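What follows is the content of my_file-v9.pdb (PDB, C-alpha atoms).
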ATOM      1  CA  MET A  21     136.750 -46.784 225.473  1.00  0.00           C
ATOM      2  CA  PRO A  22     133.720 -47.307 223.256  1.00  0.00           C
ATOM      3  CA  PHE A  23     130.790 -45.011 223.795  1.00  0.00           C
ATOM      4  CA  ILE A  24     127.683 -47.169 223.996  1.00  0.00           C
ATOM      5  CA  TYR A  25     125.395 -44.430 225.237  1.00  0.00           C
ATOM      6  CA  LYS A  26     125.579 -41.297 223.147  1.00  0.00           C
ATOM      7  CA  PRO A  27     123.466 -38.528 224.649  1.00  0.00           C
ATOM      8  CA  SER A  28     124.007 -36.461 221.521  1.00  0.00           C
ATOM      9  CA  LEU A  29     121.948 -38.971 219.536  1.00  0.00           C
ATOM     10  CA  TRP A  30     119.056 -38.504 221.952  1.00  0.00           C
ATOM     11  CA  GLY A  31     119.449 -34.730 221.696  1.00  0.00           C
ATOM     12  CA  PHE A  32     119.291 -34.851 217.912  1.00  0.00           C
ATOM     13  CA  ALA A  33     116.255 -37.136 218.082  1.00  0.00           C
ATOM     14  CA  ALA A  34     114.542 -34.603 220.348  1.00  0.00           C
ATOM     15  CA  SER A  35     115.597 -31.841 217.980  1.00  0.00           C
ATOM     16  CA  ALA A  36     114.029 -33.701 215.047  1.00  0.00           C
ATOM     17  CA  ILE A  37     110.786 -34.020 217.003  1.00  0.00           C
ATOM     18  CA  PHE A  38     110.829 -30.298 217.786  1.00  0.00           C
ATOM     19  CA  ILE A  39     111.490 -29.450 214.130  1.00  0.00           C
ATOM     20  CA  THR A  40     108.502 -31.601 213.169  1.00  0.00           C
ATOM     21  CA  LEU A  41     106.336 -29.770 215.695  1.00  0.00           C
ATOM     22  CA  THR A  42     107.599 -26.463 214.302  1.00  0.00           C
ATOM     23  CA  LEU A  43     106.547 -27.441 210.787  1.00  0.00           C
ATOM     24  CA  ILE A  44     103.123 -28.544 212.029  1.00  0.00           C
ATOM     25  CA  GLU A  45     102.583 -25.196 213.753  1.00  0.00           C
ATOM     26  CA  ILE A  46     103.730 -23.319 210.640  1.00  0.00           C
ATOM     27  CA  GLN A  47     101.164 -25.209 208.551  1.00  0.00           C
ATOM     28  CA  ASP A  48      98.478 -24.255 211.085  1.00  0.00           C
ATOM     29  CA  SER A  49      99.601 -20.599 210.781  1.00  0.00           C
ATOM     30  CA  ASN A  50     100.301 -20.421 214.491  1.00  0.00           C
ATOM     31  CA  TRP A  51     103.512 -18.369 214.351  1.00  0.00           C
ATOM     32  CA  VAL A  52     104.086 -17.844 218.077  1.00  0.00           C
ATOM     33  CA  ASP A  53     104.029 -21.567 218.837  1.00  0.00           C
ATOM     34  CA  ALA A  54     106.108 -22.256 215.726  1.00  0.00           C
ATOM     35  CA  ALA A  55     108.729 -19.769 216.885  1.00  0.00           C
ATOM     36  CA  MET A  56     108.880 -21.380 220.318  1.00  0.00           C
ATOM     37  CA  TRP A  57     109.229 -24.918 218.922  1.00  0.00           C
ATOM     38  CA  GLY A  58     111.828 -23.665 216.434  1.00  0.00           C
ATOM     39  CA  LEU A  59     113.818 -21.961 219.177  1.00  0.00           C
ATOM     40  CA  LEU A  60     113.730 -25.134 221.261  1.00  0.00           C
ATOM     41  CA  ALA A  61     114.844 -27.243 218.270  1.00  0.00           C
ATOM     42  CA  PHE A  62     117.675 -24.809 217.526  1.00  0.00           C
ATOM     43  CA  SER A  63     118.874 -24.784 221.136  1.00  0.00           C
ATOM     44  CA  PHE A  64     118.832 -28.600 221.380  1.00  0.00           C
ATOM     45  CA  THR A  65     120.747 -28.880 218.107  1.00  0.00           C
ATOM     46  CA  VAL A  66     123.377 -26.328 219.102  1.00  0.00           C
ATOM     47  CA  LYS A  67     123.722 -27.881 222.551  1.00  0.00           C
ATOM     48  CA  HIS A  68     124.454 -31.351 221.206  1.00  0.00           C
ATOM     49  CA  ILE A  69     126.683 -30.492 218.230  1.00  0.00           C
ATOM     50  CA  PRO A  70     129.959 -30.353 220.259  1.00  0.00           C
ATOM     51  CA  LYS A  71     129.407 -33.858 221.664  1.00  0.00           C
ATOM     52  CA  PHE A  72     128.665 -35.145 218.196  1.00  0.00           C
ATOM     53  CA  VAL A  73     131.830 -33.529 216.807  1.00  0.00           C
ATOM     54  CA  ILE A  74     133.998 -35.049 219.502  1.00  0.00           C
ATOM     55  CA  PHE A  75     132.545 -38.558 219.300  1.00  0.00           C
ATOM     56  CA  SER A  76     132.253 -39.045 215.546  1.00  0.00           C
ATOM     57  CA  VAL A  77     133.127 -37.136 212.425  1.00  0.00           C
ATOM     58  CA  GLN A  78     130.583 -39.025 210.314  1.00  0.00           C
ATOM     59  CA  GLY A  79     127.835 -37.979 212.701  1.00  0.00           C
ATOM     60  CA  THR A  80     128.927 -34.382 212.378  1.00  0.00           C
ATOM     61  CA  VAL A  81     128.746 -34.484 208.610  1.00  0.00           C
ATOM     62  CA  ALA A  82     125.323 -36.119 208.771  1.00  0.00           C
ATOM     63  CA  SER A  83     124.056 -33.561 211.283  1.00  0.00           C
ATOM     64  CA  LEU A  84     125.337 -30.612 209.256  1.00  0.00           C
ATOM     65  CA  ILE A  85     123.684 -31.965 206.116  1.00  0.00           C
ATOM     66  CA  ALA A  86     120.452 -32.406 208.075  1.00  0.00           C
ATOM     67  CA  LEU A  87     120.719 -28.867 209.466  1.00  0.00           C
ATOM     68  CA  ILE A  88     121.332 -27.385 206.036  1.00  0.00           C
ATOM     69  CA  ALA A  89     118.463 -29.361 204.505  1.00  0.00           C
ATOM     70  CA  GLY A  90     116.129 -28.450 207.367  1.00  0.00           C
ATOM     71  CA  GLY A  91     117.095 -24.793 207.139  1.00  0.00           C
ATOM     72  CA  ALA A  92     116.566 -24.780 203.396  1.00  0.00           C
ATOM     73  CA  MET A  93     113.133 -26.373 203.804  1.00  0.00           C
ATOM     74  CA  PHE A  94     112.205 -23.835 206.484  1.00  0.00           C
ATOM     75  CA  ILE A  95     113.348 -20.899 204.365  1.00  0.00           C
ATOM     76  CA  ALA A  96     111.546 -22.254 201.290  1.00  0.00           C
ATOM     77  CA  ASP A  97     108.328 -22.730 203.248  1.00  0.00           C
ATOM     78  CA  ALA A  98     108.598 -19.307 204.867  1.00  0.00           C
ATOM     79  CA  SER A  99     109.247 -17.585 201.536  1.00  0.00           C
ATOM     80  CA  ASP A 100     106.306 -19.460 200.010  1.00  0.00           C
ATOM     81  CA  LYS A 101     104.037 -18.360 202.876  1.00  0.00           C
ATOM     82  CA  LEU A 102     105.235 -14.750 202.611  1.00  0.00           C
ATOM     83  CA  GLY A 103     104.748 -14.791 198.836  1.00  0.00           C
ATOM     84  CA  GLN A 104     101.065 -15.658 199.199  1.00  0.00           C
TER
END
Just dump the structure as structure tokens.
Amino acid sequence: MPFIYKPSLWGFAASAIFITLTLIEIQDSNWVDAAMWGLLAFSFTVKHIPKFVIFSVQGTVASLIALIAGGAMFIADASDKLGQ
């Protein structure tokens, strides 16, 4: 049975929006709001990973690459902010 509606795609789209909001709050130096948006993005991503793994392996690889890249960007930005 083909899966036309993939709720995991919508979850990852929401997660990308939350990650964007996290980065905006980090740039504004509003750490409490950034932590809340980051926690929400992390929870949405973790919630939707099992569905993505079950439905498509290519999606899993793409999501893991995106998570690693996003985490690396977050760590690089945080280390840059702490270094100042």
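Of the residues listed (A:Met93, A:Leu102, A:Ile37, A:Val52), A:Ile37 shows the shortest atom-to-atom separation from A:Thr65; distances use only C-alpha atoms.
The spacing separating atom CA of A:Gly58 from atom CA of A:Ile44 amounts to 10.9 Å.
Once the PyMOL selection byres ((chain A and resi 64) around 10) is applied to this file, the selection holds Ser28, Trp30, Gly31, Phe32, Ala33, Ala34, Ser35, Ala36, Phe38, Gly58, Leu59, Leu60, Ala61, Phe62, Ser63, Thr65, Val66, Lys67, His68 and Ile69 of chain A.
The spacing separating atom CA of A:Gly103 from atom CA of A:Ile39 amounts to 22.2 Å.
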The centre and edge lengths of an axis-aligned box containing all atoms of stretch 84-99 of chain A present in the file, extended by 3 Å on each side, are to be given in Å to one decimal, as lines of an AutoDock Vina configuration file.
center_x = 116.8
center_y = -25.0
center_z = 205.4
size_x = 23.0
size_y = 20.8
size_z = 14.2
Restricting to only C-alpha atoms, whichever of A:Trp57, A:Ser99, A:Gln104, A:Gly91 is closest to A:Thr40 is A:Trp57
Between atom CA of A:Ser49 and atom CA of A:Lys101, what is the distance, to one decimal in Å? 9.3 Å
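Nearest to A:Ile46 of all the residues A:Leu87, A:Ala98, A:Val81, A:Ala92 is A:Ala98, counting all atoms listed in the file.
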